[in-house]
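**Q** This is structure04.cif (mmCIF, C-alpha atoms).
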```cif
data_input
#
loop_
_atom_site.label_atom_id
_atom_site.label_comp_id
_atom_site.auth_asym_id
_atom_site.auth_seq_id
_atom_site.Cartn_x
_atom_site.Cartn_y
_atom_site.Cartn_z
CA MET P 1 0.00 0.00 0.00
CA LYS P 2 1.41 3.36 -1.06
CA LEU P 3 0.34 6.53 0.79
CA LEU P 4 1.01 10.22 0.16
CA THR P 5 0.41 13.28 2.32
CA LEU P 6 0.98 16.85 1.13
CA ASN P 7 0.02 20.35 2.21
CA VAL P 8 -0.61 21.79 -1.27
CA HIS P 9 -0.80 25.53 -0.37
CA ALA P 10 -3.49 25.74 -3.04
CA TRP P 11 -3.65 28.74 -5.37
CA GLN P 12 -0.85 30.52 -3.45
CA GLU P 13 2.08 29.15 -5.45
CA GLU P 14 4.02 30.80 -8.25
CA ASN P 15 3.65 28.77 -11.46
CA GLN P 16 0.66 27.14 -9.80
CA GLU P 17 -0.69 25.43 -12.93
CA LYS P 18 2.69 23.87 -13.76
CA LYS P 19 3.03 22.59 -10.20
CA LEU P 20 -0.47 21.15 -10.23
CA ASP P 21 0.32 19.38 -13.51
CA HIS P 22 3.47 17.93 -11.95
CA LEU P 23 1.51 16.66 -8.93
CA ALA P 24 -1.06 15.03 -11.20
CA LYS P 25 1.66 13.40 -13.33
CA THR P 26 3.37 12.03 -10.22
CA ILE P 27 0.14 10.58 -8.84
CA PHE P 28 -0.59 9.02 -12.22
CA GLU P 29 2.86 7.42 -12.34
CA GLU P 30 2.99 6.29 -8.72
CA GLN P 31 -0.65 5.18 -8.38
CA TYR P 32 -0.97 5.99 -4.69
CA ASP P 33 -3.68 4.08 -2.89
CA VAL P 34 -4.69 6.95 -0.60
CA ILE P 35 -3.68 10.63 -0.71
CA ALA P 36 -4.20 13.15 2.10
CA LEU P 37 -4.10 16.82 1.07
CA GLN P 38 -4.28 19.95 3.19
CA GLU P 39 -4.94 23.62 2.31
CA VAL P 40 -7.16 22.44 -0.54
CA SER P 41 -8.83 25.72 -1.47
CA GLN P 42 -11.62 27.02 -3.68
CA HIS P 43 -12.77 30.59 -4.34
CA ARG P 44 -15.76 31.68 -2.26
CA ASN P 45 -17.59 33.06 -5.31
CA GLN P 46 -17.11 30.15 -7.69
CA ASP P 47 -20.03 28.09 -9.00
CA VAL P 48 -20.79 24.79 -7.27
CA ALA P 49 -19.56 21.69 -9.10
CA ASP P 50 -20.64 18.91 -6.73
CA GLY P 51 -22.11 19.33 -3.25
CA LYS P 52 -19.74 21.53 -1.26
CA VAL P 53 -17.09 21.36 -3.98
CA LYS P 54 -16.84 24.34 -6.34
CA ALA P 55 -15.56 24.46 -9.89
CA ASP P 56 -12.07 25.71 -9.01
CA ASN P 57 -11.55 23.43 -6.01
CA TYR P 58 -7.89 22.39 -6.14
CA GLY P 59 -8.74 18.74 -5.51
CA PHE P 60 -11.52 18.78 -8.09
CA ILE P 61 -9.13 20.21 -10.71
CA LEU P 62 -6.58 17.55 -9.72
CA GLN P 63 -9.18 14.83 -10.29
CA LYS P 64 -9.88 16.19 -13.78
CA LYS P 65 -6.18 16.32 -14.64
CA LEU P 66 -5.75 12.70 -13.53
CA LYS P 67 -8.67 11.67 -15.73
CA GLU P 68 -7.11 13.49 -18.69
CA LEU P 69 -3.87 11.55 -18.12
CA GLY P 70 -5.81 8.28 -18.30
CA SER P 71 -5.58 7.47 -14.61
CA PRO P 72 -8.03 5.15 -12.89
CA PRO P 73 -10.62 7.39 -11.21
CA TYR P 74 -9.74 8.89 -7.84
CA GLU P 75 -12.69 9.60 -5.55
CA MET P 76 -12.40 12.64 -3.29
CA VAL P 77 -13.79 13.58 0.11
CA TRP P 78 -13.42 17.31 0.87
CA ALA P 79 -14.61 19.64 3.60
CA PRO P 80 -13.89 23.32 4.36
CA SER P 81 -12.15 24.50 7.53
CA HIS P 82 -12.02 28.30 7.29
CA TYR P 83 -11.61 31.26 5.00
CA GLY P 84 -8.03 31.77 3.85
CA TYR P 85 -6.53 34.86 2.26
CA GLU P 86 -9.98 36.53 2.47
CA VAL P 87 -11.42 35.05 -0.73
CA PHE P 88 -10.81 31.31 -0.42
CA GLU P 89 -12.58 28.49 1.35
CA GLU P 90 -9.64 26.45 2.62
CA GLY P 91 -10.26 22.78 3.28
CA ILE P 92 -8.98 19.25 3.71
CA ALA P 93 -9.20 16.30 1.31
CA LEU P 94 -8.70 12.58 0.91
CA LEU P 95 -8.34 11.03 -2.53
CA THR P 96 -8.32 7.31 -3.24
CA ARG P 97 -8.54 4.91 -6.16
CA HIS P 98 -10.27 2.35 -3.93
CA PRO P 99 -13.91 2.09 -2.85
CA ILE P 100 -14.98 4.50 -0.10
CA ILE P 101 -17.29 2.67 2.31
CA GLU P 102 -18.19 5.76 4.31
CA SER P 103 -16.79 9.21 5.05
CA ASN P 104 -17.18 12.03 7.55
CA ASP P 105 -15.73 15.36 8.59
CA PHE P 106 -15.59 17.11 11.96
CA TYR P 107 -14.03 20.08 13.70
CA VAL P 108 -11.31 19.49 16.28
CA THR P 109 -11.16 23.12 17.40
CA LYS P 110 -13.46 24.95 19.77
CA SER P 111 -14.15 27.38 16.93
CA ARG P 112 -16.37 26.17 14.13
CA GLU P 113 -16.54 29.53 12.38
CA MET P 114 -15.34 29.81 8.78
CA LYS P 115 -14.23 33.39 9.49
CA ASN P 116 -11.77 32.19 12.15
CA TRP P 117 -8.59 31.04 10.41
CA LYS P 118 -7.73 28.83 13.38
CA SER P 119 -10.82 26.65 12.85
CA ARG P 120 -9.65 23.16 11.91
CA THR P 121 -11.59 20.38 10.19
CA ILE P 122 -10.57 16.75 9.81
CA VAL P 123 -11.76 14.60 6.90
CA GLY P 124 -12.07 10.86 7.45
CA ALA P 125 -12.96 7.90 5.26
CA LEU P 126 -13.28 4.15 5.66
CA ILE P 127 -11.63 2.81 2.51
CA GLU P 128 -11.46 -0.76 1.24
CA VAL P 129 -7.85 -1.36 0.22
CA ASP P 130 -7.13 -4.86 -1.10
CA ASN P 131 -10.33 -6.16 0.51
CA LYS P 132 -9.43 -4.67 3.90
CA PRO P 133 -11.41 -1.78 5.42
CA ILE P 134 -9.00 0.85 6.75
CA HIS P 135 -9.74 4.22 8.38
CA PHE P 136 -7.86 7.22 6.96
CA TYR P 137 -7.87 10.82 8.22
CA SER P 138 -6.46 13.91 6.53
CA CYS P 139 -5.29 16.27 9.27
CA HIS P 140 -4.20 19.89 9.53
CA LEU P 141 -3.68 20.81 13.17
CA GLY P 142 -2.61 23.96 15.01
CA TRP P 143 0.42 24.81 17.15
CA TRP P 144 1.30 23.41 20.56
CA ASP P 145 1.73 26.78 22.29
CA ASP P 146 -1.25 28.55 20.68
CA THR P 147 -3.28 30.15 23.47
CA ASP P 148 -6.57 30.31 21.52
CA GLU P 149 -6.65 26.83 20.03
CA PRO P 150 -3.83 24.74 21.55
CA ALA P 151 -2.87 21.66 19.57
CA ARG P 152 -3.33 19.34 22.53
CA GLY P 153 -7.07 20.00 22.59
CA GLN P 154 -7.27 19.34 18.86
CA MET P 155 -5.30 16.11 19.23
CA ASP P 156 -7.56 14.93 22.06
CA GLU P 157 -10.65 15.56 19.92
CA LEU P 158 -9.10 13.75 16.96
CA LEU P 159 -8.20 10.74 19.10
CA GLN P 160 -11.72 10.62 20.52
CA GLN P 161 -13.15 10.52 17.00
CA MET P 162 -11.00 7.57 15.99
CA PRO P 163 -12.74 4.17 15.96
CA ALA P 164 -11.96 1.81 18.82
CA ASP P 165 -11.24 -1.09 16.47
CA GLY P 166 -9.43 -1.52 13.18
CA ARG P 167 -6.45 -0.03 11.42
CA VAL P 168 -6.23 3.77 11.39
CA PHE P 169 -3.89 6.13 9.54
CA LEU P 170 -3.58 9.80 10.47
CA MET P 171 -1.94 11.70 7.61
CA GLY P 172 -1.16 15.37 7.26
CA ASP P 173 0.36 18.62 8.46
CA PHE P 174 0.51 18.39 12.26
CA ASN P 175 2.37 21.71 12.77
CA ASN P 176 4.40 20.09 15.55
CA HIS P 177 8.06 19.39 14.83
CA ALA P 178 8.96 15.76 15.51
CA ASP P 179 12.39 16.69 16.89
CA VAL P 180 10.99 18.90 19.68
CA ARG P 181 10.53 16.96 22.90
CA ASN P 182 7.56 17.15 25.28
CA GLU P 183 5.25 18.84 22.78
CA GLY P 184 2.74 17.71 20.17
CA TYR P 185 4.70 14.93 18.50
CA ASP P 186 5.65 13.26 21.77
CA TYR P 187 2.08 13.66 23.01
CA LEU P 188 0.67 11.76 20.01
CA ILE P 189 3.22 8.96 20.36
CA GLN P 190 2.41 8.72 24.08
CA GLN P 191 -1.23 8.09 23.16
CA GLY P 192 -0.21 4.86 21.45
CA LEU P 193 0.35 6.02 17.88
CA TYR P 194 3.24 4.83 15.73
CA ASP P 195 5.18 7.00 13.29
CA THR P 196 5.63 5.22 9.95
CA PHE P 197 8.86 7.20 9.50
CA THR P 198 10.30 5.58 12.63
CA LEU P 199 9.06 2.13 11.56
CA ALA P 200 10.44 2.40 8.02
CA ASP P 201 13.26 0.12 6.85
CA GLU P 202 14.39 2.81 4.43
CA LYS P 203 14.07 6.52 5.20
CA ASP P 204 15.61 9.93 4.56
CA SER P 205 15.69 13.02 6.80
CA GLY P 206 11.92 13.31 6.88
CA VAL P 207 12.20 17.12 6.63
CA THR P 208 9.13 18.62 4.94
CA VAL P 209 9.64 22.35 5.60
CA GLU P 210 12.87 24.27 5.05
CA GLY P 211 13.04 27.90 6.15
CA LYS P 212 10.14 30.17 6.97
CA ILE P 213 6.59 29.66 5.74
CA ALA P 214 3.19 30.91 6.91
CA GLY P 215 2.79 29.89 10.55
CA TRP P 216 6.53 29.38 10.95
CA ASP P 217 7.66 32.93 10.17
CA GLN P 218 10.85 32.79 12.27
CA ASN P 219 11.89 29.30 11.27
CA LYS P 220 15.47 28.73 10.15
CA GLN P 221 15.72 24.96 10.45
CA GLY P 222 14.42 21.86 8.73
CA LEU P 223 11.09 20.76 10.20
CA ARG P 224 9.47 17.33 10.17
CA ILE P 225 5.85 18.36 10.66
CA ASP P 226 4.12 16.39 7.88
CA LEU P 227 3.55 12.89 9.18
CA ILE P 228 1.85 9.55 8.55
CA LEU P 229 0.90 7.98 11.87
CA THR P 230 -0.93 4.72 12.59
CA ASN P 231 -2.55 3.06 15.59
CA GLN P 232 -0.95 -0.34 14.99
CA LYS P 233 2.58 -1.45 14.23
CA ALA P 234 3.13 -1.96 10.52
CA ASN P 235 5.78 -3.31 8.18
CA VAL P 236 6.92 -0.09 6.53
CA LEU P 237 9.20 -0.61 3.56
CA SER P 238 10.05 3.06 3.08
CA SER P 239 9.27 6.62 4.12
CA LYS P 240 10.54 9.28 1.74
CA VAL P 241 10.15 13.02 1.37
CA ILE P 242 8.84 13.93 -2.09
CA PHE P 243 8.39 17.19 -4.03
CA ASN P 244 11.51 18.64 -2.39
CA GLY P 245 13.51 19.42 -5.54
CA ARG P 246 15.55 16.26 -5.18
CA ASN P 247 12.80 13.65 -5.28
CA ARG P 248 10.45 15.31 -7.79
CA ASP P 249 10.03 19.04 -8.34
CA ILE P 250 8.75 21.37 -5.61
CA VAL P 251 4.98 21.94 -5.83
CA SER P 252 4.24 23.69 -2.52
CA ASP P 253 5.79 25.46 0.47
CA HIS P 254 5.63 22.03 2.15
CA TYR P 255 7.24 18.88 0.83
CA GLY P 256 5.23 15.67 0.81
CA VAL P 257 5.73 12.31 2.49
CA GLU P 258 5.43 9.06 0.55
CA THR P 259 5.17 5.84 2.56
CA VAL P 260 5.10 2.23 1.32
CA ILE P 261 3.56 -0.33 3.69
CA THR P 262 3.72 -4.06 3.07
CA GLU P 263 1.44 -5.15 5.94
#
```
Would you write out, as structure tokens, the structure that this file holds?

**A**
Amino acid sequence: MKLLTLNVHAWQEENQEKKLDHLAKTIFEEQYDVIALQEVSQHRNQDVADGKVKADNYGFILQKKLKELGSPPYEMVWAPSHYGYEVFEEGIALLTRHPIIESNDFYVTKSREMKNWKSRTIVGALIEVDNKPIHFYSCHLGWWDDTDEPARGQMDELLQQMPADGRVFLMGDFNNHADVRNEGYDYLIQQGLYDTFTLADEKDSGVTVEGKIAGWDQNKQGLRIDLILTNQKANVLSSKVIFNGRNRDIVSDHYGVETVITE
């Protein structure tokens, strides 16, 4: 099973169309089973294409580009979190080429207001991969030391929403650096989660952010904040950073994480 998580920074990138084409081409070539995307935006004033999804939704456009490439169809689950950059509805998405049994979305923040940029939604789906039902969540959490919406409260709500039984994968931008002790990353691991990066037989640095980006304005180091976590130990063949200029071209202010799991 091949998984990908990526904060796409939708519609905020220079050469955005070229980068979106490169992402679609990579997905087509790699045939990921499940993809978690964050900052999947659409313009507030666009026409509706399907349900909550509007015609310029980044994920919706990505689906169309994959179809044009001749890819097997990828289903998408998308939900908005908040307004970003005034004119966008910023959301979270899961894409998969496997059957979706059921899906849901829920807020993990106290705020559920679109006008509050700290409002955070999680998208979840029960997906049948190789005849096995597996729970996947696309996550975009806040910061550990935020006084309005501390990450610990969001993590607690996320963990409460997880099913008691079965395999679960939490994929996304956790905004908590894995190398900082006694904060968000350690807290999640202490709750019984496993990091597929740690479990992997083959891995690189895991760094998904280099230098300063929105939310990390003073950052000068490499950050490992985009993660693929699971509630059960797994045989992880590899965990590799992708779209970092070395392994595929850069497509966002975040790099992605590609994980291959054999069991």

**Q** Check what the PyMOL selection byres ((chain P and resi 138-148) around 9) selects in the file above and give those residues as a PDB file with C-alpha atoms, keeping the file's coordinate frame.

**A**
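To be explicit, this is the file written out as expr09.pdb:
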```
ATOM      1  CA  THR P   5       0.410  13.280   2.320  1.00  0.00           C
ATOM      2  CA  ASN P   7       0.020  20.350   2.210  1.00  0.00           C
ATOM      3  CA  ILE P  35      -3.680  10.630  -0.710  1.00  0.00           C
ATOM      4  CA  ALA P  36      -4.200  13.150   2.100  1.00  0.00           C
ATOM      5  CA  LEU P  37      -4.100  16.820   1.070  1.00  0.00           C
ATOM      6  CA  GLN P  38      -4.280  19.950   3.190  1.00  0.00           C
ATOM      7  CA  GLU P  39      -4.940  23.620   2.310  1.00  0.00           C
ATOM      8  CA  ILE P  92      -8.980  19.250   3.710  1.00  0.00           C
ATOM      9  CA  ALA P  93      -9.200  16.300   1.310  1.00  0.00           C
ATOM     10  CA  LEU P  94      -8.700  12.580   0.910  1.00  0.00           C
ATOM     11  CA  VAL P 108     -11.310  19.490  16.280  1.00  0.00           C
ATOM     12  CA  THR P 109     -11.160  23.120  17.400  1.00  0.00           C
ATOM     13  CA  LYS P 110     -13.460  24.950  19.770  1.00  0.00           C
ATOM     14  CA  LYS P 118      -7.730  28.830  13.380  1.00  0.00           C
ATOM     15  CA  SER P 119     -10.820  26.650  12.850  1.00  0.00           C
ATOM     16  CA  ARG P 120      -9.650  23.160  11.910  1.00  0.00           C
ATOM     17  CA  THR P 121     -11.590  20.380  10.190  1.00  0.00           C
ATOM     18  CA  ILE P 122     -10.570  16.750   9.810  1.00  0.00           C
ATOM     19  CA  VAL P 123     -11.760  14.600   6.900  1.00  0.00           C
ATOM     20  CA  GLY P 124     -12.070  10.860   7.450  1.00  0.00           C
ATOM     21  CA  ALA P 125     -12.960   7.900   5.260  1.00  0.00           C
ATOM     22  CA  PHE P 136      -7.860   7.220   6.960  1.00  0.00           C
ATOM     23  CA  TYR P 137      -7.870  10.820   8.220  1.00  0.00           C
ATOM     24  CA  GLU P 149      -6.650  26.830  20.030  1.00  0.00           C
ATOM     25  CA  PRO P 150      -3.830  24.740  21.550  1.00  0.00           C
ATOM     26  CA  ALA P 151      -2.870  21.660  19.570  1.00  0.00           C
ATOM     27  CA  ARG P 152      -3.330  19.340  22.530  1.00  0.00           C
ATOM     28  CA  GLN P 154      -7.270  19.340  18.860  1.00  0.00           C
ATOM     29  CA  MET P 155      -5.300  16.110  19.230  1.00  0.00           C
ATOM     30  CA  LEU P 158      -9.100  13.750  16.960  1.00  0.00           C
ATOM     31  CA  PHE P 169      -3.890   6.130   9.540  1.00  0.00           C
ATOM     32  CA  LEU P 170      -3.580   9.800  10.470  1.00  0.00           C
ATOM     33  CA  MET P 171      -1.940  11.700   7.610  1.00  0.00           C
ATOM     34  CA  GLY P 172      -1.160  15.370   7.260  1.00  0.00           C
ATOM     35  CA  ASP P 173       0.360  18.620   8.460  1.00  0.00           C
ATOM     36  CA  PHE P 174       0.510  18.390  12.260  1.00  0.00           C
ATOM     37  CA  ASN P 175       2.370  21.710  12.770  1.00  0.00           C
ATOM     38  CA  ASN P 176       4.400  20.090  15.550  1.00  0.00           C
ATOM     39  CA  GLU P 183       5.250  18.840  22.780  1.00  0.00           C
ATOM     40  CA  GLY P 184       2.740  17.710  20.170  1.00  0.00           C
ATOM     41  CA  GLY P 215       2.790  29.890  10.550  1.00  0.00           C
TER      42      GLY P 215
END
```

**Q** Check what the PyMOL selection byres ((chain P and resi 69) around 12) selects in the file above and give those residues as a PyMOL selection string.

**A** chain P and resi 21-29+62-68+70-73

**Q** Report, in Å to a single decimal, how far apart CA of Lys233 (chain P) and CA of Tyr194 (chain P) are.

**A**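 Going from CA of Tyr194 (chain P) over to CA of Lys233 (chain P), I get 6.5 Å.
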
**Q** Quick one, how far is CA of Gln232 (chain P) from CA of Glu75 (chain P)?

**A** 25.7 Å

**Q** Tell me, as a ChimeraX atom specification, which residues lie within 6 Å of Leu237 (chain P), counting all atoms listed in the file; anything in the same chain fewer than 2 positions away does not count.

**A** /P:200-201,260-261

**Q** Given the file shown, determine the residues that the PyMOL selection byres ((chain P and resi 97) around 9) selects; report them as a list of chain:residue names.

**A**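 Residues picked by the PyMOL selection byres ((chain P and resi 97) around 9): P:Gln31, P:Tyr32, P:Asp33, P:Val34, P:Pro72, P:Pro73, P:Tyr74, P:Glu75, P:Leu95, P:Thr96, P:His98, P:Pro99, P:Ile100, P:Val129.
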
**Q** Rounded to one decimal in Å, what is the spacing between CA of Ala10 (chain P) and CA of Gly84 (chain P)?

**A**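 So the answer is 10.2 Å.
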
**Q** Restricting the calculation to all atoms listed in the file, which member of P:His82, P:Arg181, P:Lys203, P:His135 is positioned closest to Arg112 (chain P)?

**A** P:His82

**Q** Skipping near chain neighbours, those fewer than 6 positions away, what residues fall within 8 Å of Ala234 (chain P) using only C-alpha atoms, listed as a VMD selection string?

**A** chain P and resid 196 199 261 to 263

**Q** Check the smallest atom-to-atom distance from each of P:Ala49, P:Val40, P:Val207, P:Leu3 to Asp179 (chain P) using all atoms listed in the file, then report the winner.

**A**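 Counting all atoms listed in the file, the residue closest to Asp179 (chain P) is P:Val207.
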
**Q** Given the choices P:Asn247, P:Gln12, P:Ile189, P:Ile134, which gets closest to Glu102 (chain P) if the distance is worked out from only C-alpha atoms?

**A**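 Among the listed residues, P:Ile134 lies closest to Glu102 (chain P).
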
**Q** For Val257 (chain P), list every protein, DNA or RNA residue within 9 Å, evaluated using all atoms listed in the file, and leave out those in the same chain fewer than 4 positions away; present the list as a PyMOL selection string.

**A** chain P and resi 3-6+172+206+208+226-228+239-243

**Q** Which one of P:Thr259, P:Gln221, P:Thr230, P:Gln161 sits closest to Gly192 (chain P) if you count all atoms listed in the file?

**A**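 Smallest separation from Gly192 (chain P) among the options: P:Thr230.
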